[in-house]
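Everything below belongs to target_8.cif, which stores mmCIF, C-alpha atoms.
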data_my_file
#
loop_
_atom_site.label_atom_id
_atom_site.label_comp_id
_atom_site.auth_asym_id
_atom_site.auth_seq_id
_atom_site.Cartn_x
_atom_site.Cartn_y
_atom_site.Cartn_z
CA MET A 1 9.21 12.00 2.82
CA ALA A 2 11.02 12.93 -0.38
CA GLN A 3 11.24 9.30 -1.44
CA SER A 4 7.54 8.73 -0.68
CA LYS A 5 6.53 11.69 -2.87
CA LYS A 6 8.40 10.13 -5.77
CA VAL A 7 6.80 6.73 -5.15
CA VAL A 8 3.25 8.09 -4.91
CA ALA A 9 3.78 10.01 -8.16
CA THR A 10 5.02 6.81 -9.78
CA LEU A 11 1.91 4.98 -8.56
CA LYS A 12 -0.31 7.75 -9.89
CA ASP A 13 1.28 7.27 -13.30
CA LYS A 14 1.02 3.46 -13.01
CA ASN A 15 4.69 3.38 -13.95
CA MET A 16 5.74 -0.02 -12.69
CA LYS A 17 9.18 0.15 -14.27
CA ALA A 18 9.92 3.30 -12.26
CA LEU A 19 8.37 1.73 -9.15
CA ALA A 20 10.77 -1.21 -9.42
CA ALA A 21 13.72 1.18 -9.04
CA PHE A 22 12.41 2.13 -5.57
CA ALA A 23 11.93 -1.49 -4.46
CA HIS A 24 14.29 -2.98 -1.91
CA PRO A 25 16.90 -4.93 -3.90
CA ALA A 26 16.81 -7.97 -1.57
CA LYS A 27 13.40 -7.84 0.13
CA GLY A 28 11.21 -6.62 -2.72
CA VAL A 29 7.83 -5.01 -1.93
CA ARG A 30 5.04 -6.53 0.18
CA PHE A 31 1.46 -5.66 -0.83
CA SER A 32 -1.11 -5.56 1.99
CA PRO A 33 -4.79 -4.95 1.16
CA TYR A 34 -5.66 -3.78 4.70
CA GLY A 35 -3.98 -2.19 7.70
CA TYR A 36 -2.99 -5.53 9.18
CA ILE A 37 0.29 -6.62 7.62
CA ASN A 38 0.34 -10.41 7.31
CA THR A 39 4.03 -11.24 7.02
CA GLU A 40 3.18 -14.90 6.34
CA SER A 41 0.71 -14.52 3.46
CA ASP A 42 0.81 -11.00 1.99
CA LEU A 43 2.31 -11.18 -1.48
CA VAL A 44 5.86 -9.96 -2.02
CA PHE A 45 7.20 -9.12 -5.47
CA GLN A 46 10.88 -8.75 -6.19
CA ARG A 47 12.32 -5.80 -8.04
CA SER A 48 12.65 -7.85 -11.25
CA GLN A 49 8.96 -8.87 -11.15
CA ILE A 50 7.45 -5.42 -10.62
CA PRO A 51 7.80 -3.92 -14.15
CA SER A 52 5.53 -6.57 -15.70
CA LEU A 53 2.82 -6.66 -13.01
CA MET A 54 0.40 -4.43 -14.95
CA LEU A 55 0.82 -6.61 -18.03
CA THR A 56 0.28 -10.03 -16.50
CA ARG A 57 -3.04 -11.84 -16.82
CA ARG A 58 -2.30 -14.05 -13.84
CA THR A 59 -4.59 -13.76 -10.82
CA TYR A 60 -3.31 -13.93 -7.26
CA VAL A 61 -4.87 -14.45 -3.85
CA TRP A 62 -4.06 -11.22 -2.03
CA GLY A 63 -5.70 -12.10 1.28
CA ALA A 64 -9.26 -12.29 2.57
CA GLU A 65 -12.02 -9.81 1.78
CA ASP A 66 -13.12 -7.90 4.86
CA GLY A 67 -16.61 -8.83 5.96
CA SER A 68 -17.09 -11.96 3.83
CA GLY A 69 -13.73 -13.66 4.36
CA ASP A 70 -13.71 -14.61 0.67
CA ASP A 71 -10.38 -14.71 -1.09
CA ILE A 72 -9.29 -11.50 -2.78
CA ASN A 73 -8.64 -13.20 -6.11
CA LEU A 74 -7.54 -10.52 -8.58
CA GLY A 75 -5.04 -9.79 -11.28
CA PHE A 76 -2.59 -7.02 -10.44
CA PRO A 77 -4.34 -4.26 -12.46
CA ALA A 78 -7.64 -4.89 -10.62
CA TYR A 79 -5.84 -5.13 -7.27
CA PHE A 80 -4.03 -1.87 -8.03
CA ASN A 81 -7.31 -0.07 -8.78
CA LYS A 82 -9.04 -1.39 -5.66
CA PHE A 83 -6.31 -1.74 -3.02
CA ILE A 84 -3.56 0.68 -4.00
CA TYR A 85 -4.71 3.69 -5.97
CA ASP A 86 -8.50 4.08 -5.83
CA LYS A 87 -8.09 7.76 -4.90
CA ASP A 88 -5.60 10.34 -6.11
CA PHE A 89 -3.25 9.82 -3.17
CA ALA A 90 -0.69 12.17 -4.74
CA ARG A 91 -3.19 14.90 -3.82
CA ALA A 92 -4.19 13.53 -0.43
CA PRO A 93 -5.28 16.32 1.92
CA LYS A 94 -3.52 14.70 4.87
CA ILE A 95 -0.03 13.22 4.84
CA VAL A 96 1.53 11.93 8.05
CA TYR A 97 4.96 10.55 8.79
CA ASN A 98 5.50 7.42 10.88
CA ARG A 99 2.07 7.45 12.48
CA VAL A 100 -1.38 6.20 11.59
CA ALA A 101 -3.84 8.91 10.57
CA LYS A 102 -6.92 6.70 10.84
CA GLN A 103 -7.81 3.10 11.49
CA GLY A 104 -10.98 1.06 11.53
CA ASN A 105 -11.64 -2.23 13.30
CA THR A 106 -8.59 -3.85 11.73
CA ILE A 107 -5.44 -3.92 13.84
CA VAL A 108 -2.74 -1.79 12.25
CA ASN A 109 0.51 -3.61 13.00
CA ILE A 110 2.82 -1.75 10.65
CA ALA A 111 5.39 -0.97 13.38
CA GLU A 112 5.58 -4.63 14.40
CA ALA A 113 5.70 -6.01 10.85
CA TYR A 114 8.39 -3.55 9.76
CA LYS A 115 10.56 -3.07 12.84
CA ASN A 116 13.35 -1.06 11.15
CA ALA A 117 11.18 0.92 8.79
CA LYS A 118 9.60 4.31 8.41
CA PHE A 119 6.28 4.92 6.69
CA VAL A 120 4.30 7.73 5.15
CA GLU A 121 0.51 7.68 5.13
CA TYR A 122 -1.56 9.45 2.49
CA HIS A 123 -5.07 9.89 3.86
CA PHE A 124 -8.52 10.94 2.68
CA ALA A 125 -11.02 11.50 5.46
CA GLY A 126 -14.49 10.14 4.93
CA THR A 127 -17.39 12.30 3.82
CA LYS A 128 -20.38 13.47 5.84
CA LYS A 129 -22.63 11.64 3.38
CA PHE A 130 -21.27 8.30 4.63
CA ASP A 131 -20.58 9.37 8.25
CA GLY A 132 -16.86 9.22 7.55
CA MET A 133 -16.92 5.50 6.76
CA ASP A 134 -15.58 6.05 3.24
CA TRP A 135 -12.09 7.09 4.40
CA ARG A 136 -9.02 5.72 2.59
CA SER A 137 -5.31 5.54 3.37
CA LEU A 138 -2.24 4.47 1.47
CA ARG A 139 0.86 3.69 3.51
CA LEU A 140 4.27 3.47 1.88
CA VAL A 141 6.89 1.67 3.96
CA PHE A 142 10.64 2.24 3.57
CA GLU A 143 13.76 0.62 5.01
CA LYS A 144 17.25 1.98 4.84
CA SER A 145 19.99 -0.09 3.25
CA GLY A 146 23.38 1.56 3.04
CA LYS A 147 22.72 5.23 2.28
CA ASN A 148 19.41 4.67 0.49
CA TRP A 149 15.80 4.27 1.55
CA TYR A 150 13.95 1.53 -0.32
CA LEU A 151 10.29 0.69 -0.62
CA VAL A 152 9.46 -2.56 1.22
CA GLY A 153 5.70 -2.28 1.62
CA ILE A 154 2.54 -0.82 0.16
CA SER A 155 -0.37 -1.05 2.56
CA TYR A 156 -3.87 0.15 1.77
CA ASP A 157 -6.44 0.75 4.48
CA GLN A 158 -10.09 1.70 4.68
CA TRP A 159 -13.06 1.44 6.98
CA THR A 160 -13.69 -2.22 7.71
CA ILE A 161 -16.67 -4.06 9.10
#

Would you encode the structure as structure tokens?
Amino acid sequence: MAQSKKVVATLKDKNMKALAAFAHPAKGVRFSPYGYINTESDLVFQRSQIPSLMLTRRTYVWGAEDGSGDDINLGFPAYFNKFIYDKDFARAPKIVYNRVAKQGNTIVNIAEAYKNAKFVEYHFAGTKKFDGMDWRSLRLVFEKSGKNWYLVGISYDQWTI
């Protein structure tokens, strides 16, 4: 939990250099746009790549857009604003440890994808105006190596069609 608080604060500040220090030194960090972790195609960035992600103009295919199936073809800054930090997760009203606070139609396979990991979910419940379908979650996944816990995954989740 202590490590996740530091990471979410780093994300809030968009401090990619600081985020890199939390990344697993061998595995890097996997970015998943939805609750289903695709270990074959979700993008993984190594510790050395993370500091420059906000500066790059390169676009990546991050997966498939829910509903349409179209490629999520975005540069990192746009991906960050849509699939990582579209709410102030540092002030999330609900924070849960090693369990899923909410899920939509998408299978949440975080325990299977990260067998030796722990995760913290930062959750915003949906509003009455949208019958709760505007909920958002950010899950930070950590694995222990030696005496330290390292970030291995950032998974965003929301209501899906």

With the file shown as input, list the residues that the PyMOL selection byres ((chain A and resi 105) around 8) selects, as a PyMOL selection string. chain A and resi 103-104+106-107+159-161

Just the residues within 9 Å of Asn15 in chain A, please, counting only C-alpha atoms, with nothing from its chain fewer than 5 positions along; format it as a ChimeraX atom specification.
/A:9-10,20,51,54

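When the PyMOL selection byres ((chain A and resi 1-7) around 8) is evaluated on the file shown here, the picked residues come out as Val8, Ala9, Thr10, Leu11, Leu19, Phe22, Ala90, Tyr97, Val120, Leu140 and Trp149 of chain A.
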
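When the PyMOL selection byres ((chain A and resi 100) around 10) is run on the displayed coordinates, the residues it returns are Gly35, Ile95, Val96, Tyr97, Asn98, Arg99, Ala101, Lys102, Gln103, Val108, Ile110, Phe119, Val120, Glu121, Tyr122, His123, Ser137 and Arg139 of chain A.
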
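With distances restricted to only C-alpha atoms, A:Arg30 is the closest residue to Ile154 in chain A from A:Lys14, A:Lys115, A:His24, A:Arg30.
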
Of the listed residues A:Asp134, A:Ala125, A:Ser68, A:Ala23, that which approaches Ala92 in chain A most closely, counting all atoms listed in the file: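 For Ala92 in chain A, the nearest of the candidates is A:Ala125.
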
Selected residue, from A:Gly132, A:Gly75, A:Gly69, A:Pro33, that lies nearest to Thr56 in chain A when counting only C-alpha atoms:
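Selected residue with least distance to Thr56 in chain A: A:Gly75.
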
Restricting the calculation to all atoms listed in the file, which member of A:Glu143, A:Tyr150, A:Glu40, A:Trp135 is positioned closest to Lys87 in chain A?
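Of the candidates, the smallest distance to Lys87 in chain A is held by A:Trp135.
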
Can you work out which one of A:Ala64, A:Tyr36, A:Pro25, A:Leu151 has the shortest atom-to-atom distance to Ser48 in chain A, counting only C-alpha atoms?
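For Ser48 in chain A, the nearest of the given residues is A:Pro25.
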
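With distances restricted to only C-alpha atoms, A:Phe83 is the closest residue to Tyr34 in chain A from A:Phe124, A:Asp88, A:Gly153, A:Phe83.
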
If you measure from CA of Ile50 in chain A to CA of Tyr79 in chain A, what distance in Å do you get, rounded to one decimal?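 Answer for the CA of Ile50 in chain A to CA of Tyr79 in chain A separation: 13.7 Å.
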
Where atoms are absent from range 41-59 of chain A, fill them in so it carries N, CA, C and O atoms, then output it as an mmCIF file, keeping the file's coordinate frame.
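Written out: result_18.cif:
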data_model
loop_
_atom_site.group_PDB
_atom_site.id
_atom_site.type_symbol
_atom_site.label_atom_id
_atom_site.label_comp_id
_atom_site.auth_asym_id
_atom_site.auth_seq_id
_atom_site.Cartn_x
_atom_site.Cartn_y
_atom_site.Cartn_z
ATOM 1 N N SER A 41 1.467 -14.270 4.695
ATOM 2 C CA SER A 41 0.710 -14.520 3.460
ATOM 3 C C SER A 41 0.571 -13.338 2.509
ATOM 4 O O SER A 41 0.189 -13.540 1.354
ATOM 5 N N ASP A 42 0.867 -12.114 2.933
ATOM 6 C CA ASP A 42 0.810 -11.000 1.990
ATOM 7 C C ASP A 42 1.828 -11.259 0.871
ATOM 8 O O ASP A 42 2.933 -11.753 1.123
ATOM 9 N N LEU A 43 1.445 -10.919 -0.338
ATOM 10 C CA LEU A 43 2.310 -11.180 -1.480
ATOM 11 C C LEU A 43 3.479 -10.205 -1.532
ATOM 12 O O LEU A 43 3.315 -9.010 -1.285
ATOM 13 N N VAL A 44 4.636 -10.744 -1.864
ATOM 14 C CA VAL A 44 5.860 -9.960 -2.020
ATOM 15 C C VAL A 44 6.353 -10.163 -3.449
ATOM 16 O O VAL A 44 6.461 -11.292 -3.918
ATOM 17 N N PHE A 45 6.646 -9.059 -4.116
ATOM 18 C CA PHE A 45 7.200 -9.120 -5.470
ATOM 19 C C PHE A 45 8.601 -8.517 -5.446
ATOM 20 O O PHE A 45 8.828 -7.462 -4.843
ATOM 21 N N GLN A 46 9.505 -9.212 -6.108
ATOM 22 C CA GLN A 46 10.880 -8.750 -6.190
ATOM 23 C C GLN A 46 11.004 -7.662 -7.242
ATOM 24 O O GLN A 46 10.158 -7.520 -8.131
ATOM 25 N N ARG A 47 12.052 -6.920 -7.135
ATOM 26 C CA ARG A 47 12.320 -5.800 -8.040
ATOM 27 C C ARG A 47 12.197 -6.214 -9.505
ATOM 28 O O ARG A 47 11.612 -5.492 -10.315
ATOM 29 N N SER A 48 12.683 -7.388 -9.856
ATOM 30 C CA SER A 48 12.650 -7.850 -11.250
ATOM 31 C C SER A 48 11.237 -8.206 -11.719
ATOM 32 O O SER A 48 10.968 -8.220 -12.916
ATOM 33 N N GLN A 49 10.330 -8.492 -10.796
ATOM 34 C CA GLN A 49 8.960 -8.870 -11.150
ATOM 35 C C GLN A 49 8.036 -7.663 -11.322
ATOM 36 O O GLN A 49 7.015 -7.756 -12.006
ATOM 37 N N ILE A 50 8.355 -6.569 -10.694
ATOM 38 C CA ILE A 50 7.450 -5.420 -10.620
ATOM 39 C C ILE A 50 7.149 -4.784 -11.989
ATOM 40 O O ILE A 50 5.994 -4.460 -12.257
ATOM 41 N N PRO A 51 8.118 -4.602 -12.881
ATOM 42 C CA PRO A 51 7.800 -3.920 -14.150
ATOM 43 C C PRO A 51 6.690 -4.571 -14.969
ATOM 44 O O PRO A 51 5.958 -3.884 -15.666
ATOM 45 N N SER A 52 6.523 -5.886 -14.869
ATOM 46 C CA SER A 52 5.530 -6.570 -15.700
ATOM 47 C C SER A 52 4.204 -6.814 -14.990
ATOM 48 O O SER A 52 3.296 -7.400 -15.587
ATOM 49 N N LEU A 53 4.039 -6.363 -13.765
ATOM 50 C CA LEU A 53 2.820 -6.660 -13.010
ATOM 51 C C LEU A 53 1.546 -6.147 -13.699
ATOM 52 O O LEU A 53 0.523 -6.824 -13.684
ATOM 53 N N MET A 54 1.590 -4.977 -14.287
ATOM 54 C CA MET A 54 0.400 -4.430 -14.950
ATOM 55 C C MET A 54 0.064 -5.181 -16.238
ATOM 56 O O MET A 54 -1.054 -5.097 -16.730
ATOM 57 N N LEU A 55 1.008 -5.922 -16.761
ATOM 58 C CA LEU A 55 0.820 -6.610 -18.030
ATOM 59 C C LEU A 55 0.380 -8.063 -17.873
ATOM 60 O O LEU A 55 -0.123 -8.665 -18.811
ATOM 61 N N THR A 56 0.586 -8.622 -16.701
ATOM 62 C CA THR A 56 0.280 -10.030 -16.500
ATOM 63 C C THR A 56 -1.222 -10.292 -16.408
ATOM 64 O O THR A 56 -1.967 -9.454 -15.911
ATOM 65 N N ARG A 57 -1.628 -11.438 -16.903
ATOM 66 C CA ARG A 57 -3.040 -11.840 -16.820
ATOM 67 C C ARG A 57 -3.270 -12.777 -15.636
ATOM 68 O O ARG A 57 -4.392 -13.169 -15.371
ATOM 69 N N ARG A 58 -2.218 -13.127 -14.962
ATOM 70 C CA ARG A 58 -2.300 -14.050 -13.840
ATOM 71 C C ARG A 58 -3.096 -13.413 -12.689
ATOM 72 O O ARG A 58 -2.973 -12.226 -12.414
ATOM 73 N N THR A 59 -3.898 -14.230 -12.024
ATOM 74 C CA THR A 59 -4.590 -13.760 -10.820
ATOM 75 C C THR A 59 -3.853 -14.311 -9.596
ATOM 76 O O THR A 59 -3.210 -15.360 -9.659
#
